[in-house]
file run.tsv (TSV, C-alpha atoms)
chain	number	residue	atom	x	y	z
A	1	MET	CA	-6.60	-11.39	-23.13
A	2	VAL	CA	-4.60	-11.19	-19.90
A	3	ASP	CA	-7.15	-13.54	-18.34
A	4	ARG	CA	-6.10	-16.16	-20.89
A	5	LEU	CA	-2.46	-15.82	-19.86
A	6	VAL	CA	-3.41	-16.01	-16.17
A	7	SER	CA	-5.36	-19.20	-16.89
A	8	ILE	CA	-2.43	-20.72	-18.80
A	9	MET	CA	-0.05	-20.00	-15.94
A	10	ALA	CA	-2.47	-21.48	-13.39
A	11	ARG	CA	-2.63	-24.65	-15.44
A	12	LEU	CA	1.15	-24.82	-15.84
A	13	ARG	CA	1.55	-24.45	-12.07
A	14	ASP	CA	-1.05	-27.10	-11.22
A	15	PRO	CA	0.73	-29.47	-8.80
A	16	VAL	CA	-0.97	-32.55	-10.27
A	17	ASN	CA	-1.43	-31.94	-13.99
A	18	GLY	CA	0.90	-29.01	-14.59
A	19	CYS	CA	4.36	-28.72	-16.11
A	20	ALA	CA	7.01	-30.16	-13.78
A	21	TRP	CA	9.47	-27.35	-14.59
A	22	ASP	CA	6.97	-24.55	-13.93
A	23	VAL	CA	5.75	-26.18	-10.72
A	24	ALA	CA	9.32	-26.46	-9.41
A	25	GLN	CA	10.08	-22.75	-9.82
A	26	SER	CA	10.22	-20.13	-7.06
A	27	PHE	CA	10.58	-16.35	-6.90
A	28	GLU	CA	14.34	-16.79	-6.59
A	29	THR	CA	14.71	-19.08	-9.61
A	30	ILE	CA	12.47	-16.96	-11.82
A	31	ALA	CA	14.01	-13.57	-10.91
A	32	PRO	CA	17.01	-13.98	-13.30
A	33	TYR	CA	14.62	-14.69	-16.17
A	34	THR	CA	12.66	-11.55	-15.30
A	35	ILE	CA	15.82	-9.45	-15.47
A	36	GLU	CA	16.86	-11.13	-18.72
A	37	GLU	CA	13.48	-10.43	-20.34
A	38	ALA	CA	13.66	-6.76	-19.35
A	39	HIS	CA	17.05	-6.49	-21.03
A	40	GLU	CA	15.69	-8.20	-24.15
A	41	VAL	CA	12.92	-5.60	-24.28
A	42	ALA	CA	15.58	-2.87	-24.16
A	43	ASP	CA	17.56	-4.64	-26.88
A	44	ALA	CA	14.54	-4.83	-29.21
A	45	ILE	CA	13.94	-1.11	-28.67
A	46	ALA	CA	17.60	-0.30	-29.40
A	47	ARG	CA	17.38	-2.26	-32.65
A	48	GLY	CA	14.06	-0.66	-33.61
A	49	ASP	CA	12.54	-4.10	-34.14
A	50	MET	CA	8.85	-3.66	-33.38
A	51	ALA	CA	7.91	-7.29	-34.10
A	52	ASP	CA	10.57	-8.46	-31.66
A	53	LEU	CA	9.52	-5.80	-29.15
A	54	ARG	CA	5.98	-7.16	-29.25
A	55	ASP	CA	7.26	-10.66	-28.49
A	56	GLU	CA	9.66	-9.53	-25.78
A	57	LEU	CA	6.98	-7.47	-24.04
A	58	GLY	CA	4.87	-10.64	-24.01
A	59	ASP	CA	7.75	-12.55	-22.41
A	60	LEU	CA	8.12	-9.81	-19.81
A	61	LEU	CA	4.38	-9.85	-19.10
A	62	LEU	CA	4.63	-13.60	-18.58
A	63	GLN	CA	7.20	-12.96	-15.87
A	64	VAL	CA	4.78	-10.66	-14.03
A	65	VAL	CA	2.01	-13.22	-14.28
A	66	PHE	CA	4.38	-15.99	-13.13
A	67	HIS	CA	5.41	-14.08	-9.99
A	68	ALA	CA	1.82	-13.10	-9.26
A	69	ARG	CA	0.66	-16.70	-9.60
A	70	MET	CA	3.28	-17.94	-7.13
A	71	ALA	CA	2.27	-15.18	-4.71
A	72	GLU	CA	-1.38	-16.12	-5.07
A	73	GLU	CA	-0.59	-19.75	-4.31
A	74	ALA	CA	1.19	-18.61	-1.14
A	75	GLY	CA	-1.80	-16.50	-0.14
A	76	ASP	CA	0.10	-13.20	-0.40
A	77	PHE	CA	-1.50	-11.40	-3.37
A	78	ALA	CA	-2.86	-11.98	-6.87
A	79	LEU	CA	-2.38	-10.30	-10.24
A	80	ALA	CA	-5.43	-8.11	-9.62
A	81	ASP	CA	-3.70	-6.74	-6.51
A	82	VAL	CA	-0.58	-5.97	-8.56
A	83	VAL	CA	-2.66	-4.03	-11.09
A	84	THR	CA	-4.59	-2.19	-8.36
A	85	ALA	CA	-1.36	-1.23	-6.60
A	86	ILE	CA	0.26	0.23	-9.73
A	87	CYS	CA	-2.93	2.08	-10.69
A	88	ASP	CA	-3.14	3.61	-7.22
A	89	LYS	CA	0.54	4.53	-7.34
A	90	MET	CA	0.32	6.21	-10.75
A	91	GLU	CA	-2.72	8.26	-9.70
A	92	ARG	CA	-1.04	9.19	-6.41
A	93	ARG	CA	2.16	10.28	-8.16
A	94	HIS	CA	0.29	12.40	-10.72
A	95	PRO	CA	-1.92	14.65	-8.61
A	96	HIS	CA	-1.59	17.33	-11.31
A	97	ILE	CA	-3.44	14.94	-13.64
A	98	PHE	CA	-5.75	12.96	-11.37
A	99	GLY	CA	-6.02	15.47	-8.54
A	100	ASP	CA	-6.38	19.21	-8.11
A	101	ILE	CA	-2.72	20.28	-7.91
A	102	ALA	CA	-1.57	22.74	-10.55
A	103	ASP	CA	1.45	21.73	-12.62
A	104	PRO	CA	3.63	24.73	-13.55
A	105	THR	CA	5.83	24.11	-16.56
A	106	GLY	CA	8.65	21.75	-15.68
A	107	ALA	CA	7.35	20.97	-12.18
A	108	SER	CA	6.23	17.39	-12.82
A	109	PRO	CA	9.61	15.65	-12.30
A	110	ARG	CA	10.17	17.51	-9.01
A	111	LEU	CA	6.65	16.72	-7.85
A	112	TRP	CA	7.15	13.06	-8.75
A	113	GLU	CA	10.36	12.89	-6.71
A	114	GLN	CA	8.75	14.64	-3.74
A	115	ILE	CA	5.92	12.12	-3.72
A	116	LYS	CA	8.32	9.18	-4.05
A	117	ALA	CA	10.40	10.53	-1.16
A	118	GLY	CA	7.26	10.72	0.94
A	119	GLU	CA	6.41	7.12	0.04
A	120	ARG	CA	9.88	5.96	1.07
A	121	ALA	CA	9.60	7.81	4.35
A	122	ALA	CA	6.22	6.21	5.00
A	123	LYS	CA	7.86	2.82	4.56
A	124	GLY	CA	10.43	3.69	7.22
A	125	ALA	CA	13.34	4.58	4.97
A	126	ALA	CA	16.28	5.75	7.09
A	127	SER	CA	18.36	7.12	4.22
A	128	ALA	CA	17.83	8.99	0.98
A	129	ILE	CA	19.45	6.08	-0.82
A	130	ASP	CA	17.20	3.40	0.69
A	131	GLY	CA	15.20	1.51	-1.91
A	132	VAL	CA	17.73	1.61	-4.76
A	133	ALA	CA	17.33	-2.00	-5.87
A	134	LEU	CA	20.32	-4.29	-5.40
A	135	GLY	CA	19.30	-6.25	-8.48
A	136	LEU	CA	19.87	-3.34	-10.87
A	137	PRO	CA	22.82	-3.52	-13.28
A	138	ALA	CA	25.81	-2.03	-11.48
A	139	LEU	CA	26.18	1.00	-13.78
A	140	MET	CA	22.50	1.85	-13.48
A	141	ARG	CA	22.54	1.43	-9.69
A	142	ALA	CA	25.62	3.64	-9.39
A	143	GLU	CA	23.83	6.37	-11.35
A	144	LYS	CA	20.73	6.13	-9.16
A	145	LEU	CA	22.77	6.26	-5.95
A	146	GLN	CA	24.55	9.36	-7.26
A	147	GLN	CA	21.25	10.99	-8.25
A	148	ARG	CA	19.77	10.39	-4.82
A	149	ALA	CA	22.86	11.84	-3.11
A	150	GLY	CA	22.84	14.77	-5.53
A	151	ARG	CA	19.31	15.77	-4.52
A	152	LEU	CA	20.68	16.43	-1.04
A	153	GLY	CA	23.54	18.54	-2.38
A	154	PHE	CA	26.28	15.89	-2.30
A	155	ASP	CA	27.32	16.29	-5.91
A	156	TRP	CA	29.83	17.96	-8.19
A	157	PRO	CA	28.63	21.39	-9.34
A	158	ASP	CA	29.60	20.53	-12.92
A	159	ALA	CA	31.24	17.84	-15.04
A	160	ALA	CA	34.77	19.18	-14.46
A	161	GLY	CA	34.94	17.94	-10.88
A	162	ALA	CA	33.64	14.54	-11.86
A	163	ARG	CA	36.19	14.34	-14.68
A	164	ALA	CA	39.07	15.21	-12.35
A	165	LYS	CA	37.96	12.44	-10.01
A	166	ILE	CA	38.53	9.93	-12.82
A	167	ASP	CA	42.20	10.93	-13.04
A	168	GLU	CA	42.53	10.61	-9.26
A	169	GLU	CA	40.96	7.15	-9.18
A	170	LEU	CA	42.99	5.98	-12.18
A	171	ALA	CA	46.22	7.02	-10.43
A	172	GLU	CA	45.16	5.15	-7.30
A	173	ALA	CA	44.42	2.02	-9.36
A	174	ASP	CA	47.86	2.30	-10.99
A	175	THR	CA	49.58	2.34	-7.59
A	176	ALA	CA	47.47	-0.34	-5.92
A	177	GLU	CA	49.47	-2.57	-3.58
A	178	ASP	CA	47.80	-5.91	-4.38
A	179	ASP	CA	44.98	-7.49	-6.37
A	180	ALA	CA	42.31	-6.79	-3.76
A	181	HIS	CA	43.34	-3.14	-3.52
A	182	ARG	CA	43.44	-2.86	-7.32
A	183	ALA	CA	39.93	-4.33	-7.62
A	184	GLU	CA	38.66	-1.80	-5.08
A	185	GLU	CA	40.27	1.12	-6.89
A	186	ILE	CA	38.99	0.00	-10.29
A	187	GLY	CA	35.52	-0.15	-8.75
A	188	ASP	CA	36.00	3.44	-7.58
A	189	LEU	CA	37.19	4.34	-11.09
A	190	LEU	CA	34.06	2.87	-12.68
A	191	PHE	CA	31.89	4.70	-10.16
A	192	ALA	CA	33.68	7.95	-11.06
A	193	VAL	CA	33.13	7.34	-14.78
A	194	VAL	CA	29.40	6.87	-14.14
A	195	ASN	CA	29.39	10.17	-12.22
A	196	TRP	CA	31.10	11.97	-15.11
A	197	ALA	CA	28.66	10.48	-17.61
A	198	ARG	CA	25.73	11.58	-15.45
A	199	LYS	CA	27.06	15.14	-15.17
A	200	ALA	CA	27.60	15.16	-18.95
A	201	GLY	CA	24.01	14.10	-19.56
A	202	VAL	CA	24.96	10.63	-20.82
A	203	ASP	CA	23.13	7.47	-19.75
A	204	PRO	CA	26.08	5.22	-18.78
A	205	GLU	CA	24.13	1.96	-19.15
A	206	ALA	CA	22.97	2.92	-22.65
A	207	ALA	CA	26.44	4.17	-23.57
A	208	LEU	CA	28.06	0.89	-22.55
A	209	ARG	CA	25.41	-1.11	-24.42
A	210	ALA	CA	26.21	0.93	-27.53
A	211	ALA	CA	29.94	0.37	-27.02
A	212	ASN	CA	29.36	-3.38	-26.65
A	213	ALA	CA	27.33	-3.41	-29.86
A	214	LYS	CA	30.03	-1.45	-31.69
A	215	PHE	CA	32.73	-3.84	-30.51
A	216	GLU	CA	30.66	-6.86	-31.57
A	217	ARG	CA	29.99	-5.35	-34.99
A	218	ARG	CA	33.64	-4.55	-35.65
A	219	PHE	CA	34.95	-7.83	-34.25
A	220	ARG	CA	32.60	-9.80	-36.50
A	221	ALA	CA	33.83	-7.73	-39.45
A	222	MET	CA	37.40	-8.67	-38.53
A	223	GLU	CA	36.48	-12.37	-38.43
A	224	ARG	CA	34.74	-12.16	-41.80
A	225	ALA	CA	37.71	-10.41	-43.37
A	226	ALA	CA	40.27	-12.94	-42.10
A	227	GLY	CA	38.17	-16.08	-42.31
A	228	ASP	CA	39.59	-19.23	-40.73
A	229	ALA	CA	43.01	-17.61	-40.43
A	230	PHE	CA	41.86	-15.06	-37.85
A	231	ALA	CA	42.82	-16.92	-34.67
A	232	GLY	CA	46.37	-17.53	-35.93
A	233	LEU	CA	47.12	-13.91	-36.86
A	234	ASP	CA	49.49	-11.93	-34.65
A	235	LEU	CA	48.28	-8.89	-32.73
A	236	GLU	CA	49.64	-6.44	-35.32
A	237	ALA	CA	47.61	-8.10	-38.08
A	238	LYS	CA	44.50	-8.13	-35.91
A	239	GLU	CA	44.97	-4.45	-35.10
A	240	ALA	CA	45.14	-3.77	-38.85
A	241	LEU	CA	41.84	-5.61	-39.33
A	242	TRP	CA	40.31	-3.61	-36.48
A	243	ASP	CA	41.40	-0.34	-38.08
A	244	ALA	CA	39.93	-1.48	-41.38
A	245	ALA	CA	36.63	-2.28	-39.68
A	246	LYS	CA	36.59	1.20	-38.15
A	247	ARG	CA	37.35	2.84	-41.47
A	248	ALA	CA	34.52	0.89	-43.11
A	249	GLU	CA	32.07	2.37	-40.60
A	250	ALA	CA	33.37	5.94	-40.62
A	251	PRO	CA	31.52	8.54	-42.73
A	252	VAL	CA	33.43	9.83	-45.73
A	253	GLY	CA	36.00	12.38	-44.58
A	254	ASP	CA	36.00	11.23	-40.95
A	255	GLN	CA	38.88	9.47	-39.30
A	256	PRO	CA	38.04	6.42	-37.16
A	257	ARG	CA	38.51	6.81	-33.44
call {"tool": "encode", "arguments": {"input": "run.tsv", "output": "structure tokens"}}
result
Amino acid sequence: MVDRLVSIMARLRDPVNGCAWDVAQSFETIAPYTIEEAHEVADAIARGDMADLRDELGDLLLQVVFHARMAEEAGDFALADVVTAICDKMERRHPHIFGDIADPTGASPRLWEQIKAGERAAKGAASAIDGVALGLPALMRAEKLQQRAGRLGFDWPDAAGARAKIDEELAEADTAEDDAHRAEEIGDLLFAVVNWARKAGVDPEAALRAANAKFERRFRAMERAAGDAFAGLDLEAKEALWDAAKRAEAPVGDQPR
């Protein structure tokens, strides 16, 4: 079935008889679509929509085939090379499954990281944080940078230190001297919040997605309740609608937060 998709993409990219839009694309122009499709996969999973997940996984697969086709046209690699590379990598990173290394209980994650570190070193990595992709969402990249640093012992021993750092960064943002300084300090504050979430065992990217979804849900409820009059209401009236939306979601006996 993948061969069919590969054939479709080859036809779309045909410089004579293909689709003008597809032919005009490059790695750089397609990359944002690839990121978008990955997020739509995550969204379908969060909503538990299996039919949508099927479709979104297809869209994401199309992105892989698209990139591979452009690489093949440039003489760099083809889809078969992509598949071979990931198969080799998965077997190499699971020697306890495909090799003869024993896997004591709980050792797999450490073994995986050791192998990945060796791969980075083989590629000439000069730092433990080399290879953390710049294209990742900022919260996710902050978490990965912190994890890498933490493996070398540069980390808070517990969540308390990370929580105290938030107060410190918030105070520095409050006393910033100008807009540029304030932007820098707010960036530090966000980085500190990610660190606290990580130490508390919370995925910050997933937590913010959930918060976004909650805000959307409650804001739409406010709009429905007020109808066309919503935009003209004063802030006090809108706050009352917000509180009502929270109360409507809260379990019986719980107070909205």
call {"tool": "residues_near_point", "arguments": {"input": "run.tsv", "point": "(-1.3, -8.2, -9.5)", "cutoff": "12 Å", "atoms": "only C-alpha atoms", "output": "PyMOL selection string"}}
result
chain A and resi 2-3+6+61+63-72+76-87
call {"tool": "write_last_selection", "arguments": {"input": "run.tsv", "atoms": "C-alpha atoms", "output": "short mmCIF file (atom, residue, chain, number, x, y, z; two decimals), in the frame of the given file"}}
result
data_model
loop_
_atom_site.label_atom_id
_atom_site.label_comp_id
_atom_site.auth_asym_id
_atom_site.auth_seq_id
_atom_site.Cartn_x
_atom_site.Cartn_y
_atom_site.Cartn_z
CA VAL A 2 -4.60 -11.19 -19.90
CA ASP A 3 -7.15 -13.54 -18.34
CA VAL A 6 -3.41 -16.01 -16.17
CA LEU A 61 4.38 -9.85 -19.10
CA GLN A 63 7.20 -12.96 -15.87
CA VAL A 64 4.78 -10.66 -14.03
CA VAL A 65 2.01 -13.22 -14.28
CA PHE A 66 4.38 -15.99 -13.13
CA HIS A 67 5.41 -14.08 -9.99
CA ALA A 68 1.82 -13.10 -9.26
CA ARG A 69 0.66 -16.70 -9.60
CA MET A 70 3.28 -17.94 -7.13
CA ALA A 71 2.27 -15.18 -4.71
CA GLU A 72 -1.38 -16.12 -5.07
CA ASP A 76 0.10 -13.20 -0.40
CA PHE A 77 -1.50 -11.40 -3.37
CA ALA A 78 -2.86 -11.98 -6.87
CA LEU A 79 -2.38 -10.30 -10.24
CA ALA A 80 -5.43 -8.11 -9.62
CA ASP A 81 -3.70 -6.74 -6.51
CA VAL A 82 -0.58 -5.97 -8.56
CA VAL A 83 -2.66 -4.03 -11.09
CA THR A 84 -4.59 -2.19 -8.36
CA ALA A 85 -1.36 -1.23 -6.60
CA ILE A 86 0.26 0.23 -9.73
CA CYS A 87 -2.93 2.08 -10.69
#
call {"tool": "axis_aligned_box", "arguments": {"input": "run.tsv", "around": "region 89-100 of chain A", "padding_each_side": "4 Å", "output": "lines of an AutoDock Vina configuration file"}}
result
center_x = -2.1
center_y = 11.9
center_z = -10.0
size_x = 16.5
size_y = 22.7
size_z = 15.2
call {"tool": "atom_distance", "arguments": {"input": "run.tsv", "atom1": "CA of Gly135 (chain A)", "atom2": "CA of Ile35 (chain A)"}}
result
8.4 Å
call {"tool": "closest_residue", "arguments": {"input": "run.tsv", "among": "A:Phe27, A:Asp179, A:Arg198, A:Ala210", "to": "Ala160 (chain A)", "atoms": "only C-alpha atoms"}}
result
A:Arg198
call {"tool": "closest_residue", "arguments": {"input": "run.tsv", "among": "A:Ala250, A:Met90, A:Ala200, A:Leu62", "to": "Ala162 (chain A)", "atoms": "only C-alpha atoms"}}
result
A:Ala200
call {"tool": "closest_residue", "arguments": {"input": "run.tsv", "among": "A:Ile8, A:Leu134, A:Met1, A:Ala128", "to": "Phe154 (chain A)", "atoms": "all atoms listed in the file"}}
result
A:Ala128
call {"tool": "residues_around", "arguments": {"input": "run.tsv", "residues": "Gly187 (chain A)", "least_positions_apart": "3", "cutoff": "12 Å", "atoms": "all atoms listed in the file", "output": "ChimeraX atom specification"}}
result
/A:138-139,142,166,169-170,172-173,180-184,190-194
call {"tool": "residues_around", "arguments": {"input": "run.tsv", "residues": "Glu119 (chain A)", "least_positions_apart": "4", "cutoff": "12 Å", "atoms": "all atoms listed in the file", "output": "list in words"}}
result
Lys89, Arg92, Arg93, Trp112, Glu113, Gln114, Ile115, Lys123, Gly124, Ala125, Ala128, Asp130 and Gly131 of chain A
call {"tool": "closest_residue", "arguments": {"input": "run.tsv", "among": "A:Leu152, A:Ala74, A:Leu189, A:Ile129", "to": "Lys165 (chain A)", "atoms": "all atoms listed in the file"}}
result
A:Leu189
call {"tool": "closest_residue", "arguments": {"input": "run.tsv", "among": "A:Leu136, A:Ala248, A:Ile97, A:Ala121", "to": "Pro32 (chain A)", "atoms": "only C-alpha atoms"}}
result
A:Leu136
call {"tool": "atom_distance", "arguments": {"input": "run.tsv", "atom1": "CA of Trp196 (chain A)", "atom2": "CA of Arg163 (chain A)"}}
result
5.6 Å
call {"tool": "closest_residue", "arguments": {"input": "run.tsv", "among": "A:Thr175, A:Asn195, A:Thr34, A:Ser127", "to": "Glu143 (chain A)", "atoms": "all atoms listed in the file"}}
result
A:Asn195
call {"tool": "atom_distance", "arguments": {"input": "run.tsv", "atom1": "CA of Lys238 (chain A)", "atom2": "CA of Ala226 (chain A)"}}
result
8.9 Å
call {"tool": "residues_around", "arguments": {"input": "run.tsv", "residues": "Met140 (chain A)", "least_positions_apart": "5", "cutoff": "10 Å", "atoms": "all atoms listed in the file", "output": "list in words"}}
result
Val132, Ala133, Leu145, Gln146, Val194, Asp203, Pro204, Glu205 and Ala206 of chain A
